[in-house]
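> Pasting model-v5.pdb here (PDB, C-alpha atoms):
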ATOM      1  CA  MET N 208       0.000   0.000   0.000
ATOM      2  CA  SER N 209       1.439   3.391  -0.944
ATOM      3  CA  THR N 210       1.496   6.422   1.352
ATOM      4  CA  ARG N 211      -1.204   7.998  -0.816
ATOM      5  CA  ASP N 212      -3.568   5.114   0.076
ATOM      6  CA  LYS N 213      -3.025   5.288   3.849
ATOM      7  CA  LYS N 214      -5.657   7.140   5.867
ATOM      8  CA  ILE N 215      -4.160   9.637   8.285
ATOM      9  CA  ASP N 216      -5.912  12.125  10.542
ATOM     10  CA  LEU N 217      -3.958  15.340  10.964
ATOM     11  CA  ALA N 218      -6.528  17.204  13.099
ATOM     12  CA  GLY N 219      -4.717  18.628  16.128
ATOM     13  CA  GLN N 220      -1.305  18.379  14.423
ATOM     14  CA  PHE N 221       1.036  20.939  12.874
ATOM     15  CA  LEU N 222       2.015  21.049   9.235
ATOM     16  CA  ILE N 223       5.426  22.650   8.754
ATOM     17  CA  ALA N 224       6.304  23.919   5.296
ATOM     18  CA  MET N 225       9.371  22.391   3.717
ATOM     19  CA  PRO N 226      12.040  24.875   2.625
ATOM     20  CA  GLY N 227      11.695  25.721  -1.028
ATOM     21  CA  MET N 228       8.101  24.515  -1.258
ATOM     22  CA  GLY N 229       7.484  27.010  -4.066
ATOM     23  CA  ASP N 230       4.335  28.690  -2.694
ATOM     24  CA  PRO N 231       5.170  32.081  -1.147
ATOM     25  CA  ARG N 232       1.838  32.103   0.720
ATOM     26  CA  PHE N 233       3.112  29.236   2.872
ATOM     27  CA  GLU N 234       6.844  29.955   3.039
ATOM     28  CA  ARG N 235       8.151  29.029   6.527
ATOM     29  CA  SER N 236       4.572  28.416   7.690
ATOM     30  CA  VAL N 237       3.348  26.450  10.674
ATOM     31  CA  ILE N 238      -0.278  25.420  10.194
ATOM     32  CA  TYR N 239      -2.464  24.183  13.026
ATOM     33  CA  MET N 240      -4.774  21.547  11.532
ATOM     34  CA  LEU N 241      -8.308  21.972  12.784
ATOM     35  CA  ALA N 242      -9.987  19.302  10.643
ATOM     36  CA  HIS N 243      -8.909  16.491   8.326
ATOM     37  CA  ASP N 244     -11.083  13.759   6.885
ATOM     38  CA  HIS N 245     -12.119  12.166   3.574
ATOM     39  CA  GLU N 246     -13.756  15.452   2.481
ATOM     40  CA  GLY N 247     -10.547  17.500   2.831
ATOM     41  CA  ALA N 248      -8.671  19.489   5.424
ATOM     42  CA  THR N 249      -8.755  22.881   7.133
ATOM     43  CA  GLY N 250      -6.051  24.628   9.125
ATOM     44  CA  PHE N 251      -4.750  28.021  10.203
ATOM     45  CA  VAL N 252      -1.267  29.475   9.818
ATOM     46  CA  VAL N 253      -0.271  30.457  13.369
ATOM     47  CA  ASN N 254       3.159  32.007  12.876
ATOM     48  CA  HIS N 255       2.667  34.830  10.346
ATOM     49  CA  PRO N 256       1.550  38.080  11.976
ATOM     50  CA  THR N 257       0.237  40.800   9.688
ATOM     51  CA  ASP N 258       2.311  43.954   9.344
ATOM     52  CA  GLY N 259       1.202  45.412  12.675
ATOM     53  CA  LEU N 260      -2.570  45.105  12.170
ATOM     54  CA  THR N 261      -4.511  44.881  15.449
ATOM     55  CA  LEU N 262      -8.053  43.809  16.327
ATOM     56  CA  GLY N 263      -9.061  47.450  16.838
ATOM     57  CA  GLU N 264      -7.881  48.358  13.341
ATOM     58  CA  ALA N 265      -9.282  45.251  11.637
ATOM     59  CA  ALA N 266     -12.778  45.307  13.180
ATOM     60  CA  SER N 267     -14.626  48.607  13.120
ATOM     61  CA  ASN N 268     -17.796  47.141  14.644
ATOM     62  CA  LEU N 269     -16.367  46.064  18.009
ATOM     63  CA  PRO N 270     -18.691  46.505  20.967
ATOM     64  CA  ASP N 271     -17.504  49.130  23.469
ATOM     65  CA  SER N 272     -16.940  46.376  26.041
ATOM     66  CA  VAL N 273     -14.161  45.056  23.774
ATOM     67  CA  ALA N 274     -12.998  48.255  22.034
ATOM     68  CA  ASN N 275     -12.333  49.977  25.353
ATOM     69  CA  THR N 276     -10.027  47.214  26.637
ATOM     70  CA  GLY N 277      -6.544  45.998  25.839
ATOM     71  CA  LEU N 278      -8.087  43.430  23.488
ATOM     72  CA  ARG N 279      -8.174  46.120  20.792
ATOM     73  CA  ASN N 280      -4.351  45.769  20.691
ATOM     74  CA  LEU N 281      -4.336  42.018  19.969
ATOM     75  CA  PRO N 282      -2.243  41.348  16.864
ATOM     76  CA  VAL N 283      -3.909  39.884  13.794
ATOM     77  CA  PHE N 284      -2.297  36.988  11.917
ATOM     78  CA  VAL N 285      -2.501  35.778   8.327
ATOM     79  CA  GLY N 286      -4.394  32.496   8.750
ATOM     80  CA  GLY N 287      -4.219  31.428   5.118
ATOM     81  CA  PRO N 288      -5.160  32.310   1.556
ATOM     82  CA  VAL N 289      -8.801  31.118   1.645
ATOM     83  CA  GLN N 290     -11.297  33.871   2.536
ATOM     84  CA  PRO N 291      -8.581  36.349   3.613
ATOM     85  CA  GLU N 292     -11.255  38.956   4.325
ATOM     86  CA  SER N 293     -12.855  36.742   7.020
ATOM     87  CA  GLY N 294     -11.743  36.888  10.632
ATOM     88  CA  PHE N 295     -11.476  33.891  12.927
ATOM     89  CA  VAL N 296     -10.576  33.531  16.600
ATOM     90  CA  LEU N 297      -8.562  30.475  17.594
ATOM     91  CA  TYR N 298      -8.765  29.896  21.339
ATOM     92  CA  ALA N 299      -7.725  27.382  23.961
ATOM     93  CA  ASN N 300     -10.515  25.536  25.738
ATOM     94  CA  ASP N 301      -8.411  25.076  28.856
ATOM     95  CA  ASP N 302      -4.979  25.819  30.289
ATOM     96  CA  GLU N 303      -3.508  22.358  29.803
ATOM     97  CA  GLU N 304      -0.276  22.054  27.822
ATOM     98  CA  THR N 305      -1.693  19.149  25.855
ATOM     99  CA  ARG N 306      -1.833  18.004  22.257
ATOM    100  CA  GLY N 307      -3.536  20.591  20.084
ATOM    101  CA  GLY N 308      -6.970  18.996  20.383
ATOM    102  CA  ALA N 309      -8.045  21.592  22.956
ATOM    103  CA  VAL N 310      -8.070  24.390  20.335
ATOM    104  CA  SER N 311     -11.364  25.699  18.940
ATOM    105  CA  VAL N 312     -12.293  28.309  16.352
ATOM    106  CA  THR N 313     -15.143  30.790  16.104
ATOM    107  CA  GLN N 314     -16.188  33.829  14.138
ATOM    108  CA  SER N 315     -18.504  35.056  16.892
ATOM    109  CA  LEU N 316     -17.815  38.338  18.700
ATOM    110  CA  ASP N 317     -19.159  36.656  21.840
ATOM    111  CA  ILE N 318     -15.763  35.101  22.556
ATOM    112  CA  LEU N 319     -14.155  38.560  22.553
ATOM    113  CA  ILE N 320     -16.885  39.982  24.796
ATOM    114  CA  GLN N 321     -16.387  37.104  27.234
ATOM    115  CA  ALA N 322     -12.605  37.668  27.197
ATOM    116  CA  ALA N 323     -13.099  41.404  27.838
ATOM    117  CA  GLU N 324     -15.207  40.488  30.883
ATOM    118  CA  ALA N 325     -12.492  38.041  32.086
ATOM    119  CA  LYS N 326     -14.932  35.169  31.513
ATOM    120  CA  GLY N 327     -13.470  33.906  28.254
ATOM    121  CA  PRO N 328     -10.349  32.098  27.137
ATOM    122  CA  LYS N 329      -6.973  33.358  28.260
ATOM    123  CA  ARG N 330      -5.268  32.379  24.995
ATOM    124  CA  MET N 331      -6.523  33.569  21.643
ATOM    125  CA  ARG N 332      -5.087  34.107  18.190
ATOM    126  CA  LEU N 333      -6.908  36.340  15.700
ATOM    127  CA  VAL N 334      -6.447  35.302  12.079
ATOM    128  CA  LEU N 335      -7.642  36.448   8.674
ATOM    129  CA  GLY N 336      -8.372  33.587   6.299
ATOM    130  CA  TYR N 337      -7.547  29.909   6.527
ATOM    131  CA  ALA N 338      -5.796  27.125   4.621
ATOM    132  CA  GLY N 339      -7.947  24.503   2.927
ATOM    133  CA  TRP N 340      -7.455  21.359   0.874
ATOM    134  CA  GLY N 341      -9.870  19.258  -1.147
ATOM    135  CA  PRO N 342     -10.214  15.462  -0.845
ATOM    136  CA  GLY N 343      -6.793  13.797  -1.192
ATOM    137  CA  GLN N 344      -4.980  17.066  -1.958
ATOM    138  CA  LEU N 345      -3.131  17.314   1.360
ATOM    139  CA  GLU N 346      -2.152  13.634   1.266
ATOM    140  CA  ASN N 347      -0.636  14.191  -2.187
ATOM    141  CA  GLU N 348       1.299  17.237  -0.952
ATOM    142  CA  ILE N 349       2.675  15.252   1.992
ATOM    143  CA  GLN N 350       3.711  12.446  -0.381
ATOM    144  CA  ASP N 351       5.438  15.067  -2.529
ATOM    145  CA  ASN N 352       7.463  16.314   0.479
ATOM    146  CA  VAL N 353       5.737  19.686   0.732
ATOM    147  CA  TRP N 354       4.971  19.370   4.466
ATOM    148  CA  LEU N 355       6.465  17.953   7.625
ATOM    149  CA  ILE N 356       4.091  16.784  10.354
ATOM    150  CA  ALA N 357       4.638  17.536  14.039
ATOM    151  CA  GLU N 358       2.549  17.089  17.138
ATOM    152  CA  ALA N 359       0.894  20.349  18.150
ATOM    153  CA  ASN N 360       0.480  21.667  21.656
ATOM    154  CA  ILE N 361      -1.398  24.642  23.033
ATOM    155  CA  ALA N 362       1.744  26.548  24.032
ATOM    156  CA  ASP N 363       3.046  26.474  20.449
ATOM    157  CA  VAL N 364      -0.316  27.347  18.850
ATOM    158  CA  PHE N 365      -0.445  30.517  20.950
ATOM    159  CA  ALA N 366       3.309  31.206  21.150
ATOM    160  CA  ILE N 367       4.159  34.817  21.961
ATOM    161  CA  ASP N 368       7.257  34.693  19.743
ATOM    162  CA  SER N 369       5.394  33.307  16.742
ATOM    163  CA  LYS N 370       8.118  34.241  14.269
ATOM    164  CA  ALA N 371      10.543  31.843  16.006
ATOM    165  CA  LEU N 372       8.017  28.975  16.021
ATOM    166  CA  TYR N 373       9.013  27.576  12.618
ATOM    167  CA  LYS N 374      12.690  27.206  13.525
ATOM    168  CA  ARG N 375      11.879  25.907  17.024
ATOM    169  CA  LEU N 376       9.591  23.152  15.687
ATOM    170  CA  ILE N 377      12.135  22.095  13.067
ATOM    171  CA  GLY N 378      14.683  21.872  15.884
ATOM    172  CA  LYS N 379      12.296  19.762  18.004
ATOM    173  CA  LEU N 380      12.061  17.322  15.097
ATOM    174  CA  GLY N 381      15.851  17.083  15.090
ATOM    175  CA  ILE N 382      16.077  18.032  11.424
ATOM    176  CA  ASP N 383      18.990  19.787   9.751
ATOM    177  CA  PHE N 384      17.718  21.920   6.862
ATOM    178  CA  ALA N 385      20.910  21.255   4.927
ATOM    179  CA  MET N 386      19.980  17.576   4.838
ATOM    180  CA  LEU N 387      16.369  18.027   3.632
ATOM    181  CA  SER N 388      15.333  17.030   0.142
ATOM    182  CA  ASN N 389      12.286  18.277  -1.716
ATOM    183  CA  SER N 390      11.974  15.065  -3.708
ATOM    184  CA  GLY N 391       9.849  12.231  -2.377
ATOM    185  CA  GLY N 392       9.334   8.610  -3.033
ATOM    186  CA  GLU N 393       7.737   5.429  -1.820
ATOM    187  CA  ALA N 394       9.355   2.627   0.089
TER     188      ALA N 394
END
Would you mind writing the structure in this file as structure tokens?

Amino acid sequence: MSTRDKKIDLAGQFLIAMPGMGDPRFERSVIYMLAHDHEGATGFVVNHPTDGLTLGEAASNLPDSVANTGLRNLPVFVGGPVQPESGFVLYANDDEETRGGAVSVTQSLDILIQAAEAKGPKRMRLVLGYAGWGPGQLENEIQDNVWLIAEANIADVFAIDSKALYKRLIGKLGIDFAMLSNSGGEA
């Protein structure tokens, strides 16, 4: 059985872009995979902040309970090339440093209102857009050595120093970039 025929579930994992992948939208990207099944896959880039855009600048319709708090200064990230005009909030369901399965996503302002009232999640990442793949597309890209797979955890999804996340995860995998090849094969 080839790798293309094996069923893998990447929900709750990270995809890490291989160097030289050829798509500038994903260069040095770390993608948290929210969903992956026979219908396709959905994830969010978590390590590419916008050029200084904040929640207060990106959302003009914020309720006063949010706009008048420090939440207006939350940085906004580029979540992916699909629907880049749409905002999403990734948030941790709890404080455990566990596998990424405790991460949820919403487009509701309610989560921001709850956070402003100190009743919501402590860790959030605001993103514009998402990454999406059709049936079998992601599996083909993995077979073609476009992505590395790494276990995700809450601390890395919401890392303060998001720009260093790519290099840190590669280091955790024990990989030397000089030894990586962009060509794949089957055993």
> Return the single residue from N:Ile223, N:Leu380, N:Val334, N:Met240 that is closest to Thr261 of chain N, with distances computed using all atoms listed in the file.
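Going through N:Ile223, N:Leu380, N:Val334, N:Met240 one by one, the smallest distance to Thr261 of chain N is for N:Val334.
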> If the PyMOL selection byres ((chain N and resi 342) around 10) is run on the structure shown, which residues does it catch, given as a list in words?
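That selection, the PyMOL selection byres ((chain N and resi 342) around 10), comes back as His243, Asp244, His245, Glu246, Gly247, Ala248, Trp340, Gly341, Gly343, Gln344, Leu345, Glu346 and Asn347 of chain N.
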> May I ask for the distance between atom CA of Gln220 of chain N and atom CA of Ser293 of chain N, given in Å to one decimal place?
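Those two atoms sit 22.9 Å apart.
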> Using only C-alpha atoms, pick whichever of N:Ile356, N:Val310, N:Ala366, N:Val273 has the shortest atom-to-atom distance to Lys379 of chain N.
N:Ile356
> Rounded to one decimal, what separation in Å do you get between atom CA of Phe365 of chain N and atom CA of Glu348 of chain N?
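Taking atom CA of Phe365 of chain N as the start and atom CA of Glu348 of chain N as the end point, the length is 25.7 Å.
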> N:Glu324, N:Pro226, N:Arg332, N:Val253: which is nearest Asn280 of chain N, counting only C-alpha atoms?
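Closest to Asn280 of chain N of all the choices is N:Arg332.
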> Residues within 10 Å of Leu355 of chain N, please, as a ChimeraX atom specification. Count all atoms listed in the file; anything in the same chain fewer than 5 positions from it doesn't count.
/N:221-225,237,349,377,380
> Dump C-alpha atoms for the selected residues as a short mmCIF file (atom, residue, chain, number, x, y, z; two decimals), in the coordinates of the input?

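selection_4.cif was written with the following content:
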data_model
loop_
_atom_site.label_atom_id
_atom_site.label_comp_id
_atom_site.auth_asym_id
_atom_site.auth_seq_id
_atom_site.Cartn_x
_atom_site.Cartn_y
_atom_site.Cartn_z
CA PHE N 221 1.04 20.94 12.87
CA LEU N 222 2.02 21.05 9.24
CA ILE N 223 5.43 22.65 8.75
CA ALA N 224 6.30 23.92 5.30
CA MET N 225 9.37 22.39 3.72
CA VAL N 237 3.35 26.45 10.67
CA ILE N 349 2.68 15.25 1.99
CA ILE N 377 12.14 22.10 13.07
CA LEU N 380 12.06 17.32 15.10
#
> Would you write out, as a VMD selection string, every residue that the PyMOL selection byres ((chain N and resi 249) around 6) captures in this file?
chain N and resid 241 to 242 248 250 338 to 339
> Write out as an mmCIF file with C-alpha atoms, in the coordinates of the input the residues lying within 8 Å of Lys329 of chain N, counting only C-alpha atoms and excluding same-chain residues fewer than 6 positions away.

data_model
loop_
_atom_site.group_PDB
_atom_site.id
_atom_site.type_symbol
_atom_site.label_atom_id
_atom_site.label_comp_id
_atom_site.auth_asym_id
_atom_site.auth_seq_id
_atom_site.Cartn_x
_atom_site.Cartn_y
_atom_site.Cartn_z
ATOM 1 C CA TYR N 298 -8.765 29.896 21.339
ATOM 2 C CA ALA N 299 -7.725 27.382 23.961
ATOM 3 C CA ALA N 322 -12.605 37.668 27.197
#
> Using atom CA of Val283 of chain N and atom CA of Thr313 of chain N as the two end points, give the distance in Å to one decimal.
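Taking atom CA of Val283 of chain N as the start and atom CA of Thr313 of chain N as the end point, the length is 14.6 Å.
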> Between N:Leu333, N:Met228, N:Ile215, N:Ala357, which has the minimum distance to Arg279 of chain N (counting all atoms listed in the file)?
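Going through N:Leu333, N:Met228, N:Ile215, N:Ala357 one by one, the smallest distance to Arg279 of chain N is for N:Leu333.
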> Which is closer to Ala325 of chain N than all the others in N:Ile238, N:Ile367, N:Leu278, N:Ala218, using only C-alpha atoms?
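Nearest to Ala325 of chain N: N:Leu278.
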